[in-house]
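Data block below; observations after.
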Amino acid sequence: MSTVDYNRWTGKIAIRRLTTSQAWLYSVLVVLSSATVYGFLVLDTKGVGLIDAATRTIEYFGLMFGSPRGVPSHFGVFNDSTAALFLASFNLVLQTLSLAFLSTLLGGVIALVLGLFGAKNLTGPRTSNAIKGLMALIRAVPTVLWVLIFAIGAGLGAVAAVIGMSFHTIGYLLKAYSESFEEIDEGVIEALRASGASWLHIVSQAVLPSSITQILSWTFLRFEINFAVAVAMGAAAGAGGIGYNMFISAGYFFDIREIGFITYQILVIAILLEVVATRLKKRYRLAS
Amino acid sequence: MNSSTIDMQTPSDFFRYRNVMLRIFLAILIALTLLSAWHTELKVGTFFTALPRVASWIFAHVVPDAAAWSRFPSMLEKLVETIFLSIMATTTAAVTAFLFAIMGSQCTRINGFFAIASRAVASVSRNIPIAAWALIFLVTFGMSAFTGYLALFFASFGFLTRAFIETIDEASDSQVEALRATGASYPHIIAQAVIPASIPQMISWVLYMVETNIRDATLVGLLTGSGIGFLFDLYYKTQQYKSASLVVILLVIVVMTIEFLSNHVRRKIL
């Protein structure tokens, strides 16, 4: 915003001068928008007509969300009772929630241990940077690839999914935890250290008690994310649960109304989790 | 944990109370863990055998062989395609999200109905997981790039709308107030107060989204049979692990480069 009115002194035409940050801002905008235009020009449509497919999508959306219906046999139910169908599909949702819970817990425990070593005020900057670098590398690999890599060692299923999903969880929670640890008043740690308390005492009596609410809230935020991830792993990496059923209805049965039936269930759970997460965020002022 | 409800006469009462709470919490955690493990048929033993196996697998396949290098050009092609798809989905979602955020934000909303409607649309869009979006569009758009584009678009749109609403609320409240007081029109307020005050933070979110979308595009590609995800799946299923791991290595390089670039840009603009 430092446009200087040069013509007041020199009589020359005013030239708007960009600050460095404005120049960067405009270049990012130019790069992103030209990439977008170029991307649309070379989009690999594989012969699918946009107008045709879009009209059909709108038509199908009516069926999907207007009259959702699950086929009992797809859920392993062999009678016509609606209650049994809902029970079976809710059971699958619970399975997805379980996967999310287990990977959040595993990731959380590992992140807690690493976080205690990684926080700058508890150990030196070198350990802290080494851990952060390793996490950047782990985060760069998409979760689905971690799960598939672990499936080579553990077979497709819950174990590979939980381990693979815990990787990004560790990265996410480690950052959150170490920031909560670094917020702790330096004086408290100093005082304990001066009184001869060991590292373990400092951690268990000062660090953990004062950051426990933040730690639990952050963990819940990750659980919310992991629910969506668990749906995806069921669909793409054979982890089971409701995601797998959705993959089968969309990829094999082409049952549009069943896709709607499953989507509604996922949506309800996801919105419930988000409501709780938003409250926690507001209450404990967690910055995203 | 309302400490006033319990009688704490001595410090030892406090510690006893804390220990009891801690034990209850741990008991619930363990119960949930066991229940989840049982429900997902988790084979706990496999946990410990899997780790060394995977570690030795990674060491054995991390260096690509000649066959993997011969596929390098096609990998590069799919990778470029994936990068463009992520950028396209993010930018178009960002423009749409901006319009919805203006309607949804407390300080720039037109009326209560549009505010609630735009927030509701964004909430549905964000709470349907990206994998579900991909499968929804798979039925009509098949294995074309549209499927991936639309899945990424809807997930990004929902996320960015919420992020932009927060940004607008935080960044431009006072400026909007000031311009409104001078009698500026609504378009003027948006153009002169809201956009200048919040665009650096919004660009930062967009860059974050591009990064996330490259990873998510891999997932969508795996589900819908397109892009770099499909290529990984192909090599993985035919057990050409050295080619599969070259795909992973290339992805790591791309994601880390983009992360580095966007951190650099973020430091310059914020």
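Following the order of the structure tokens, first chain is A, next is B, and so on, with residues numbered from 1 inside each chain and ligands from 1 in the order they appear.
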
Surrounding residues of range 176-193 of chain B excluding itself and chain neighbours under 2 positions, 12 Å, only C-alpha atoms, as a PDB file with N, CA and C atoms, in the first residue's frame:
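The file below, out_37.pdb, is the result:
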ATOM      1  N   PHE B  98     -15.331 -18.155  -2.498  1.00  0.00           N
ATOM      2  CA  PHE B  98     -15.285 -16.725  -2.136  1.00  0.00           C
ATOM      3  C   PHE B  98     -16.682 -16.109  -2.189  1.00  0.00           C
ATOM      4  N   LEU B  99     -17.412 -16.425  -3.264  1.00  0.00           N
ATOM      5  CA  LEU B  99     -18.779 -15.905  -3.392  1.00  0.00           C
ATOM      6  C   LEU B  99     -19.652 -16.398  -2.233  1.00  0.00           C
ATOM      7  N   ALA B 101     -18.590 -17.432   0.670  1.00  0.00           N
ATOM      8  CA  ALA B 101     -18.093 -16.909   1.941  1.00  0.00           C
ATOM      9  C   ALA B 101     -18.592 -15.488   2.168  1.00  0.00           C
ATOM     10  N   ILE B 102     -18.665 -14.698   1.095  1.00  0.00           N
ATOM     11  CA  ILE B 102     -19.185 -13.333   1.231  1.00  0.00           C
ATOM     12  C   ILE B 102     -20.634 -13.370   1.692  1.00  0.00           C
ATOM     13  N   MET B 103     -21.371 -14.341   1.146  1.00  0.00           N
ATOM     14  CA  MET B 103     -22.769 -14.460   1.567  1.00  0.00           C
ATOM     15  C   MET B 103     -22.890 -15.024   2.975  1.00  0.00           C
ATOM     16  N   SER B 105     -20.468 -14.847   5.519  1.00  0.00           N
ATOM     17  CA  SER B 105     -19.772 -14.149   6.596  1.00  0.00           C
ATOM     18  C   SER B 105     -20.700 -13.180   7.322  1.00  0.00           C
ATOM     19  N   GLN B 106     -20.473 -13.059   8.629  1.00  0.00           N
ATOM     20  CA  GLN B 106     -21.324 -12.171   9.438  1.00  0.00           C
ATOM     21  C   GLN B 106     -21.233 -10.721   8.975  1.00  0.00           C
ATOM     22  N   CYS B 107     -20.044 -10.288   8.528  1.00  0.00           N
ATOM     23  CA  CYS B 107     -19.900  -8.856   8.273  1.00  0.00           C
ATOM     24  C   CYS B 107     -20.202  -8.473   6.824  1.00  0.00           C
ATOM     25  N   THR B 108     -20.351  -9.434   5.924  1.00  0.00           N
ATOM     26  CA  THR B 108     -20.637  -9.042   4.537  1.00  0.00           C
ATOM     27  C   THR B 108     -21.907  -9.684   4.002  1.00  0.00           C
ATOM     28  N   ARG B 109     -22.646 -10.391   4.854  1.00  0.00           N
ATOM     29  CA  ARG B 109     -23.791 -11.122   4.341  1.00  0.00           C
ATOM     30  C   ARG B 109     -24.900 -10.181   3.842  1.00  0.00           C
ATOM     31  N   ILE B 110     -25.679 -10.689   2.883  1.00  0.00           N
ATOM     32  CA  ILE B 110     -26.754  -9.882   2.305  1.00  0.00           C
ATOM     33  C   ILE B 110     -27.985  -9.972   3.212  1.00  0.00           C
ATOM     34  N   ILE B 168     -12.537 -13.713   6.413  1.00  0.00           N
ATOM     35  CA  ILE B 168     -13.234 -12.444   6.208  1.00  0.00           C
ATOM     36  C   ILE B 168     -13.687 -11.870   7.545  1.00  0.00           C
ATOM     37  N   ASP B 169     -14.225 -12.728   8.401  1.00  0.00           N
ATOM     38  CA  ASP B 169     -14.681 -12.261   9.711  1.00  0.00           C
ATOM     39  C   ASP B 169     -13.545 -11.628  10.499  1.00  0.00           C
ATOM     40  N   GLU B 170     -12.377 -12.287  10.452  1.00  0.00           N
ATOM     41  CA  GLU B 170     -11.255 -11.797  11.251  1.00  0.00           C
ATOM     42  C   GLU B 170     -10.607 -10.559  10.658  1.00  0.00           C
ATOM     43  N   ALA B 171     -10.403 -10.605   9.325  1.00  0.00           N
ATOM     44  CA  ALA B 171      -9.525  -9.597   8.720  1.00  0.00           C
ATOM     45  C   ALA B 171     -10.236  -8.289   8.420  1.00  0.00           C
ATOM     46  N   SER B 172     -11.511  -8.354   8.022  1.00  0.00           N
ATOM     47  CA  SER B 172     -12.046  -7.138   7.418  1.00  0.00           C
ATOM     48  C   SER B 172     -13.156  -6.466   8.205  1.00  0.00           C
ATOM     49  N   ASP B 173     -13.385  -6.927   9.428  1.00  0.00           N
ATOM     50  CA  ASP B 173     -14.510  -6.399  10.187  1.00  0.00           C
ATOM     51  C   ASP B 173     -14.458  -4.875  10.330  1.00  0.00           C
ATOM     52  N   SER B 174     -13.317  -4.366  10.804  1.00  0.00           N
ATOM     53  CA  SER B 174     -13.234  -2.931  11.082  1.00  0.00           C
ATOM     54  C   SER B 174     -13.240  -2.104   9.791  1.00  0.00           C
ATOM     55  N   ILE B 195     -11.697  -7.641   0.011  1.00  0.00           N
ATOM     56  CA  ILE B 195     -10.678  -8.339  -0.779  1.00  0.00           C
ATOM     57  C   ILE B 195      -9.257  -7.934  -0.367  1.00  0.00           C
ATOM     58  N   PRO B 196      -8.926  -6.644  -0.308  1.00  0.00           N
ATOM     59  CA  PRO B 196      -7.547  -6.318   0.080  1.00  0.00           C
ATOM     60  C   PRO B 196      -7.161  -6.838   1.458  1.00  0.00           C
ATOM     61  N   ALA B 197      -8.102  -6.818   2.392  1.00  0.00           N
ATOM     62  CA  ALA B 197      -7.738  -7.220   3.759  1.00  0.00           C
ATOM     63  C   ALA B 197      -7.565  -8.717   3.889  1.00  0.00           C
ATOM     64  N   SER B 198      -8.319  -9.493   3.100  1.00  0.00           N
ATOM     65  CA  SER B 198      -8.281 -10.933   3.354  1.00  0.00           C
ATOM     66  C   SER B 198      -7.568 -11.747   2.278  1.00  0.00           C
ATOM     67  N   ILE B 199      -7.153 -11.101   1.171  1.00  0.00           N
ATOM     68  CA  ILE B 199      -6.597 -11.933   0.094  1.00  0.00           C
ATOM     69  C   ILE B 199      -5.283 -12.640   0.458  1.00  0.00           C
TER      70      ILE B 199
END

With a cut-off of 6 Å and counting only C-alpha atoms, select all residues of chain B in contact with chain A and give the selection as a compact mmCIF listing (two decimals) with C-alpha atoms, in the first residue's frame.
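The result, stored in result10.txt:
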# COMPACT_ATOMS: atom_id res chain seq x y z
CA SER B 36 -12.78 -51.32 18.12
CA THR B 40 -12.55 -54.45 12.91
CA LEU B 42 -7.78 -56.52 14.13
CA ALA B 50 4.28 -56.16 9.66
CA ARG B 53 8.55 -56.76 6.84
CA VAL B 54 7.53 -53.39 5.48
CA PHE B 84 -2.89 -29.47 -13.16
CA MET B 88 -7.75 -26.36 -11.51
CA ASN B 127 -18.79 -33.36 5.14
CA ILE B 128 -19.23 -35.81 2.29
CA PRO B 129 -15.74 -37.35 2.21
CA ALA B 131 -13.82 -40.67 -1.59
CA LEU B 135 -17.74 -42.62 -6.20
CA THR B 140 -21.97 -40.70 -14.62
CA PHE B 141 -18.53 -39.37 -15.55
CA SER B 144 -12.64 -39.40 -17.31
CA ALA B 145 -10.72 -36.60 -15.64
CA ARG B 215 -2.37 -36.16 -2.28
CA LEU B 223 -10.74 -45.14 -6.95
CA VAL B 252 7.11 -37.16 -2.50
CA VAL B 255 4.52 -32.62 -2.75
CA LYS B 268 6.41 -13.14 1.31
CA ILE B 269 2.73 -12.28 1.25

(message) I need the residue nearest Glu81 in chain B from this list: B:Ile136, B:Val44, B:Val63, B:Ile228. Use only C-alpha atoms for the distance.
(response)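 Of B:Ile136, B:Val44, B:Val63, B:Ile228, the one nearest Glu81 in chain B is B:Ile228, counting only C-alpha atoms.
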
(request) Can you list, as an MDAnalysis selection string, all residues belonging to range 27-270 of chain B that DSSP tags as alpha helix (DSSP H)? (result) chainID B and resid 27:39 44:61 66:70 72:104 112:127 130:141 145:171 173:181 186:189 195:224 227:237 241:269

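For the pair CA of Phe260 in chain B and CA of Lys78 in chain B, the separation is 21.7 Å.
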
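In this comparison, which uses only C-alpha atoms, the residue of B:His264, B:Ala244, B:Leu207, B:Val220 approaching Ile87 in chain B most closely is B:Leu207.
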